[in-house]
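To keep things clear, I will list the structure first and then write my remarks on it.
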Amino acid sequence: MNRFTRSVLSLGVIASGAVLCSCGGPSSKPATVSLVFDVGGRGDKSFNDAAYRGLERASAELGVTFAFKEPTNADREASLRAMAEGGSPLVFGVGFLFTDSICTVAKDFPGQKFACIDYDLVAKPQIPANVSAIKFREEEGAFLVGAIAGLTTKTNKVGFVGGMDIPLIHKFKAGYQAGVKAVNPACEVIANFAGLTPDAFKDPVKGKELAKAQYGAGADIIFHASGSTGNGVLEEAKERNKADGKVAHFVIGVDSDQWEEGGHVLTSMIKRVDVAVFDTIKAHKDGKFAAGAHEFGLKEEGVGYVRDAKNSVLISGEVEAKVQALRKEIVEGKRTVPAK
């Protein structure tokens with residue numbers, strides 16, 4: 001059990017969830033856990049898929065039944081309410097866009113528990129007594145992948161593609177830029193956002209367009225924090241490398257390990273939504289649910305990056321040593337990472 005897992009369990013945190021399709025055999029009983037996905041839904045290879053892995057693990061290891069739903073922008077509250085009315089004792093909302101809705105619904109169902117991943121404390125500082133508000137220090141993980149980009153770039157230009165232009169995604173951007181500059185002050189960071197509405201998280205065509213422009217401007221590494229919009233960034237890198245006959249354009253994935261065959265994924269910034277979902281379900285099952293705000297960063301192993309057998313050839317031992325030294329500084333409080 002890692003430190004992040006222990007931390008969540010000790011706090012009794014409840015993580016994100018949603019519902020509609022019930023898994024397991026037929027039953028007249030309500031699902032143990034219900035989860036409503038964020039914009040983009042399953043298959044985004046990122047945030048939502050990480051949440052779903054947490055559900056699957058809870059089903060396999062804890063024997064819970066679960067249901068989920070992929071809502072449109074307009075029916076978040078209705079989806080949460082339907083799950084609660086169905087009798088599920090624990091209901092998750094995945095994504096900051098659920099903050100208002102989950103607070104409203106939770107007050108109407110005081111006997112049930114709710115959890116929100118990326119809860120917006122600025123919008124709703126008063127958290128209902130039956131809601132667990134889970135947040136991550138995304139900027140810390142982004143700082144480390146920014147350092148990897150700054151140490152690895154051959155062109156001294158790197159890119160950032162964000163989804164919706166909002167404070168949450170600016171945390172990724174700020175951390176990434178700070179990481180790049182910490183190790184390579186002369187490196188230029190080109191940054192763009194896909195849009196101003198939630199649809200900016202599910203527009204791979206726009207993602208491909210932005211990646212094409214950034215690669216065309218000389219960037220050789222792009223970090224995306226854009227949900228399934230990032231699938232377009234991955235596609236653009238893949239196509240360029242195929243046309244060039246060599247791997248010269250890279251992507252840094254987000255939330256989940258977005259490795260793809262072909263060697264164009266340098267690394268991924270991991271946001272352990274899957275662990276948070278699993279551990280909060282376990283905490284609820286064990287009677288240890290705790291409402292209130294809970295935040296996770298590098299110290300709690302809530303964020304990080306991927307370096308394993310698949311991509312270690314792309315991240316040298318020298319680069320890894322420098323990045324780990326930076327990680328240690330952050331964990332020990334010797335370095336503060338900007339969030340905006």
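Letters A, B, ... mark the chains of the structure tokens in the order given; residue numbers begin at 1 per chain; ligand numbers begin at 1, in order shown.
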Spatial neighbours of Phe201 (chain A), 7 Å, only C-alpha atoms, chain gap at least 3 places, as JSON, numbers by chain:
{"A": [39, 40, 163, 164, 198, 226, 227, 228, 229]}
Include N, CA and C atoms and write out the residues we just selected as a tab-separated table (two decimals), in the first residue's frame.
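That gives us again06.tsv:
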chain	number	residue	atom	x	y	z
A	39	VAL	N	-17.29	15.43	-18.71
A	39	VAL	CA	-17.37	15.67	-20.14
A	39	VAL	C	-16.39	14.76	-20.88
A	40	GLY	N	-16.83	14.15	-21.95
A	40	GLY	CA	-15.98	13.25	-22.73
A	40	GLY	C	-16.28	11.80	-22.46
A	163	GLY	N	-7.57	22.20	-22.23
A	163	GLY	CA	-8.95	22.05	-22.66
A	163	GLY	C	-9.69	23.36	-22.49
A	164	MET	N	-10.59	23.42	-21.51
A	164	MET	CA	-11.35	24.63	-21.24
A	164	MET	C	-10.47	25.65	-20.51
A	198	PRO	N	-17.34	23.60	-21.73
A	198	PRO	CA	-16.96	22.22	-21.42
A	198	PRO	C	-16.68	21.36	-22.65
A	226	SER	N	-6.36	18.12	-21.56
A	226	SER	CA	-7.55	18.48	-22.34
A	226	SER	C	-8.55	17.36	-22.55
A	227	GLY	N	-8.50	16.32	-21.71
A	227	GLY	CA	-9.46	15.25	-21.89
A	227	GLY	C	-9.30	14.57	-23.23
A	228	SER	N	-10.42	14.21	-23.86
A	228	SER	CA	-10.35	13.51	-25.14
A	228	SER	C	-9.93	14.43	-26.28
A	229	THR	N	-9.90	15.74	-26.05
A	229	THR	CA	-9.33	16.67	-27.03
A	229	THR	C	-7.88	16.29	-27.30
Please, which residues of region 122-324 of chain A, numbered as in this document, come out helix (DSSP H, G or I) from DSSP, as a ChimeraX atom specification?
/A:138-152,167-183,198-201,204-216,227-244,273-285,317-324
May I have all residues of region 1-157 of chain A that DSSP, computed from the backbone, assigns to strand (DSSP E or B), given as a PyMOL selection string?
chain A and resi 18+33-36+66-69+90-94+113-117+131-136+157
Write the selection just made, keeping N, CA and C atoms, as a tab-separated table (two decimals), in the first residue's frame?
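Saved as result24.tsv:
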chain	number	residue	atom	x	y	z
A	18	ALA	N	-20.27	7.75	-10.64
A	18	ALA	CA	-21.46	8.04	-11.43
A	18	ALA	C	-22.17	6.77	-11.79
A	33	VAL	N	-22.36	1.58	-5.53
A	33	VAL	CA	-21.73	2.85	-5.91
A	33	VAL	C	-22.28	3.29	-7.25
A	34	SER	N	-22.57	4.57	-7.38
A	34	SER	CA	-22.99	5.14	-8.66
A	34	SER	C	-22.03	6.25	-9.04
A	35	LEU	N	-21.77	6.38	-10.34
A	35	LEU	CA	-20.81	7.37	-10.80
A	35	LEU	C	-21.29	8.04	-12.07
A	36	VAL	N	-21.20	9.36	-12.09
A	36	VAL	CA	-21.54	10.13	-13.29
A	36	VAL	C	-20.24	10.69	-13.84
A	66	PHE	N	-21.69	-1.57	-9.18
A	66	PHE	CA	-21.67	-0.15	-9.54
A	66	PHE	C	-22.46	0.10	-10.81
A	67	ALA	N	-22.87	1.35	-10.93
A	67	ALA	CA	-23.57	1.81	-12.12
A	67	ALA	C	-22.95	3.14	-12.53
A	68	PHE	N	-23.08	3.49	-13.81
A	68	PHE	CA	-22.50	4.75	-14.25
A	68	PHE	C	-23.33	5.37	-15.35
A	69	LYS	N	-23.10	6.65	-15.56
A	69	LYS	CA	-23.81	7.38	-16.60
A	69	LYS	C	-22.89	8.42	-17.21
A	90	LEU	N	-23.67	5.57	-2.14
A	90	LEU	CA	-22.53	6.43	-2.45
A	90	LEU	C	-22.61	6.86	-3.91
A	91	VAL	N	-22.63	8.16	-4.13
A	91	VAL	CA	-22.76	8.70	-5.49
A	91	VAL	C	-21.59	9.63	-5.78
A	92	PHE	N	-20.93	9.41	-6.91
A	92	PHE	CA	-19.78	10.20	-7.32
A	92	PHE	C	-20.12	11.13	-8.49
A	93	GLY	N	-19.54	12.30	-8.47
A	93	GLY	CA	-19.54	13.21	-9.61
A	93	GLY	C	-18.10	13.44	-10.01
A	94	VAL	N	-17.76	13.11	-11.24
A	94	VAL	CA	-16.36	13.19	-11.68
A	94	VAL	C	-16.12	14.51	-12.42
A	113	LYS	N	-24.24	9.34	0.87
A	113	LYS	CA	-22.95	10.01	0.78
A	113	LYS	C	-22.65	10.37	-0.67
A	114	PHE	N	-21.92	11.46	-0.83
A	114	PHE	CA	-21.55	11.95	-2.16
A	114	PHE	C	-20.08	12.32	-2.18
A	115	ALA	N	-19.47	12.23	-3.36
A	115	ALA	CA	-18.08	12.62	-3.51
A	115	ALA	C	-17.90	13.32	-4.84
A	116	CYS	N	-17.04	14.31	-4.86
A	116	CYS	CA	-16.78	15.06	-6.09
A	116	CYS	C	-15.29	15.16	-6.32
A	117	ILE	N	-14.85	14.66	-7.47
A	117	ILE	CA	-13.46	14.80	-7.87
A	117	ILE	C	-13.27	16.19	-8.47
A	131	VAL	N	-20.75	15.31	1.93
A	131	VAL	CA	-19.98	15.40	0.69
A	131	VAL	C	-18.48	15.41	0.98
A	132	SER	N	-17.75	14.57	0.26
A	132	SER	CA	-16.29	14.59	0.30
A	132	SER	C	-15.80	15.32	-0.94
A	133	ALA	N	-15.04	16.38	-0.72
A	133	ALA	CA	-14.54	17.23	-1.82
A	133	ALA	C	-13.07	16.91	-2.05
A	134	ILE	N	-12.78	16.26	-3.16
A	134	ILE	CA	-11.42	15.79	-3.44
A	134	ILE	C	-10.75	16.68	-4.47
A	135	LYS	N	-9.56	17.14	-4.12
A	135	LYS	CA	-8.80	17.99	-5.02
A	135	LYS	C	-7.36	17.46	-5.13
A	136	PHE	N	-6.70	17.86	-6.20
A	136	PHE	CA	-5.31	17.47	-6.43
A	136	PHE	C	-4.46	18.71	-6.67
A	157	LYS	N	11.86	24.53	-27.86
A	157	LYS	CA	10.48	25.00	-27.88
A	157	LYS	C	9.58	23.83	-27.50
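Within the 8 Å cut-off around Leu210 (chain A), using only C-alpha atoms and omitting residues fewer than 3 positions from it on the same chain, the listed residues are A:Val161, A:Asn192, A:Ala194, A:Lys206, A:Gly207, A:Ala213, A:Gln214, A:Val233.
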By how many Å are CA of Lys246 (chain A) and CA of Phe172 (chain A) apart?
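Pair CA of Lys246 (chain A) / CA of Phe172 (chain A) returns 29.0 Å.
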So which residues touch Ala309 (chain A) within 12 Å, counting only C-alpha atoms, skipping near sequence neighbours fewer than 6 positions away, as a ChimeraX atom specification?
/A:259,263,267,315
Selected residues, C-alpha atoms, written as a short mmCIF file (atom, residue, chain, number, x, y, z; two decimals), in the first residue's frame, please.
data_model
loop_
_atom_site.label_atom_id
_atom_site.label_comp_id
_atom_site.auth_asym_id
_atom_site.auth_seq_id
_atom_site.Cartn_x
_atom_site.Cartn_y
_atom_site.Cartn_z
CA TRP A 259 1.42 5.39 -23.77
CA GLY A 263 7.32 5.88 -29.11
CA THR A 267 5.62 10.35 -20.52
CA ILE A 315 13.96 9.56 -20.42
#
Closest of A:Leu314, A:Ile127, A:Lys107, A:Gly87 to Ala290 (chain A) - atom-to-atom distances counting only C-alpha atoms:
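When distances to Ala290 (chain A) are compared using only C-alpha atoms, the smallest one comes from A:Ile127.
One distance worth recording is that between CA of Asn130 (chain A) and CA of Ala293 (chain A), which is 11.5 Å.
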Interatomic distance between CA of Phe193 (chain A) and CA of Ala248 (chain A)?
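The value is 23.2 Å.
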Produce a table with one row for each residue of region 219-272 of chain A that has an atom at most 10 Å from any atom of region 138-149 of chain A, each row naming the nearest atom pair and its distance in Å at one decimal; use only C-alpha atoms; arrange rows by chain and rising residue number; format as a tab-separated table.
residue	atom	partner	partner_atom	distance
A:Asp220	CA	A:Ala149	CA	9.2
A:Ile221	CA	A:Ala149	CA	6.6
A:Ile222	CA	A:Ala149	CA	8.4
A:Phe223	CA	A:Gly146	CA	8.1
A:Ala225	CA	A:Ala142	CA	9.5
A:Phe250	CA	A:Ala149	CA	9.4
A:Val251	CA	A:Ala149	CA	9.6
A:Ile252	CA	A:Val145	CA	7.5
A:Gly253	CA	A:Val145	CA	9.5
A:Val254	CA	A:Ala142	CA	8.9
A:Asp255	CA	A:Glu138	CA	9.4
A:Leu266	CA	A:Ala149	CA	8.5
A:Thr267	CA	A:Val145	CA	7.5
A:Ser268	CA	A:Val145	CA	7.5
A:Met269	CA	A:Gly141	CA	5.9
A:Ile270	CA	A:Gly141	CA	7.2
A:Lys271	CA	A:Glu138	CA	7.3
Counting only C-alpha atoms, what is within 12 Å of Glu332 (chain A), bar same-chain residues fewer than 5 positions away, as a PyMOL selection string?
chain A and resi 298-300+325-327
Given the choices A:Phe278, A:Tyr176, A:Phe109, A:Phe296, which gets closest to Gly54 (chain A) if the distance is worked out from only C-alpha atoms?
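Ranked by minimum distance to Gly54 (chain A), first place goes to A:Phe278.
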Which is closest to Thr99 (chain A) among A:Ala178, A:Ala123, A:Met83, A:Leu151, if we use only C-alpha atoms?
A:Ala123
One residue among A:Lys282, A:Lys328, A:Arg272, A:Arg42 is nearest to Arg137 (chain A) when using only C-alpha atoms, and that residue is A:Arg272
